[in-house]
Amino acid sequence: MKLSEICNLRSAAWRPYLHENPEPDYRRHNTASFVTEKLASFGIGHIEAGIAETGIVAVIQAEGGYGRLAHH
């Protein structure tokens with residue numbers, strides 16, 4: 001299974017939680033914390049949080065190099 005497929009399956013499981021706890025645009029502090037915690041639980045070591053308050057950047061290294069994943 002590809003990383004993108006795994007991410008889609010897991011993010012589908014998180015969707016109900018995130019929709020049950022909505023936050024206004026640009027003030028998604030709970031959502032940012034939730035996503036940061038999930039990324040850290042995958043063992044992703046390079047996570048930058050707090051970009052423009054609630055933005056997150058993560059560097060994901062896989063076999064054969066680096067990959068990028070963007071999610072809004």
# chains A, B, ... in the order shown; residues from 1 in each chain; ligands from 1
>>> select_by_dssp(residues="chain A", states="alpha helix (DSSP H)", output="ChimeraX atom specification")
/A:3-20,29-41
>>> select_by_dssp(residues="stretch 12-57 of chain A", states="strand (DSSP E or B)", output="MDAnalysis selection string")
chainID A and resid 46:51 55:57
>>> residues_around(residues="stretch 38-47 of chain A", least_positions_apart="3", cutoff="8 Å", atoms="only C-alpha atoms", output="list in words")
Phe34, Val35, Ile56, Val57, Ala58, Val59 and Ile60 of chain A
>>> residues_around(residues="A:Arg27", least_positions_apart="6", cutoff="12 Å", atoms="only C-alpha atoms", output="VMD selection string")
chain A and resid 33 50 52 to 55
>>> write_last_selection(atoms="C-alpha atoms", output="mmCIF file, in the first residue's frame")
data_model
loop_
_atom_site.group_PDB
_atom_site.id
_atom_site.type_symbol
_atom_site.label_atom_id
_atom_site.label_comp_id
_atom_site.auth_asym_id
_atom_site.auth_seq_id
_atom_site.Cartn_x
_atom_site.Cartn_y
_atom_site.Cartn_z
ATOM 1 C CA SER A 33 -2.408 20.352 17.653
ATOM 2 C CA GLY A 50 2.933 27.596 14.503
ATOM 3 C CA ALA A 52 1.201 31.911 10.639
ATOM 4 C CA GLU A 53 -0.291 30.710 13.935
ATOM 5 C CA THR A 54 -1.748 27.336 12.937
ATOM 6 C CA GLY A 55 0.259 26.192 9.898
#
>>> atom_distance(atom1="atom CA of A:Tyr26", atom2="atom CA of A:Ser4")
25.7 Å
>>> atom_distance(atom1="atom CA of A:Ala13", atom2="atom CA of A:Ala32")
16.6 Å
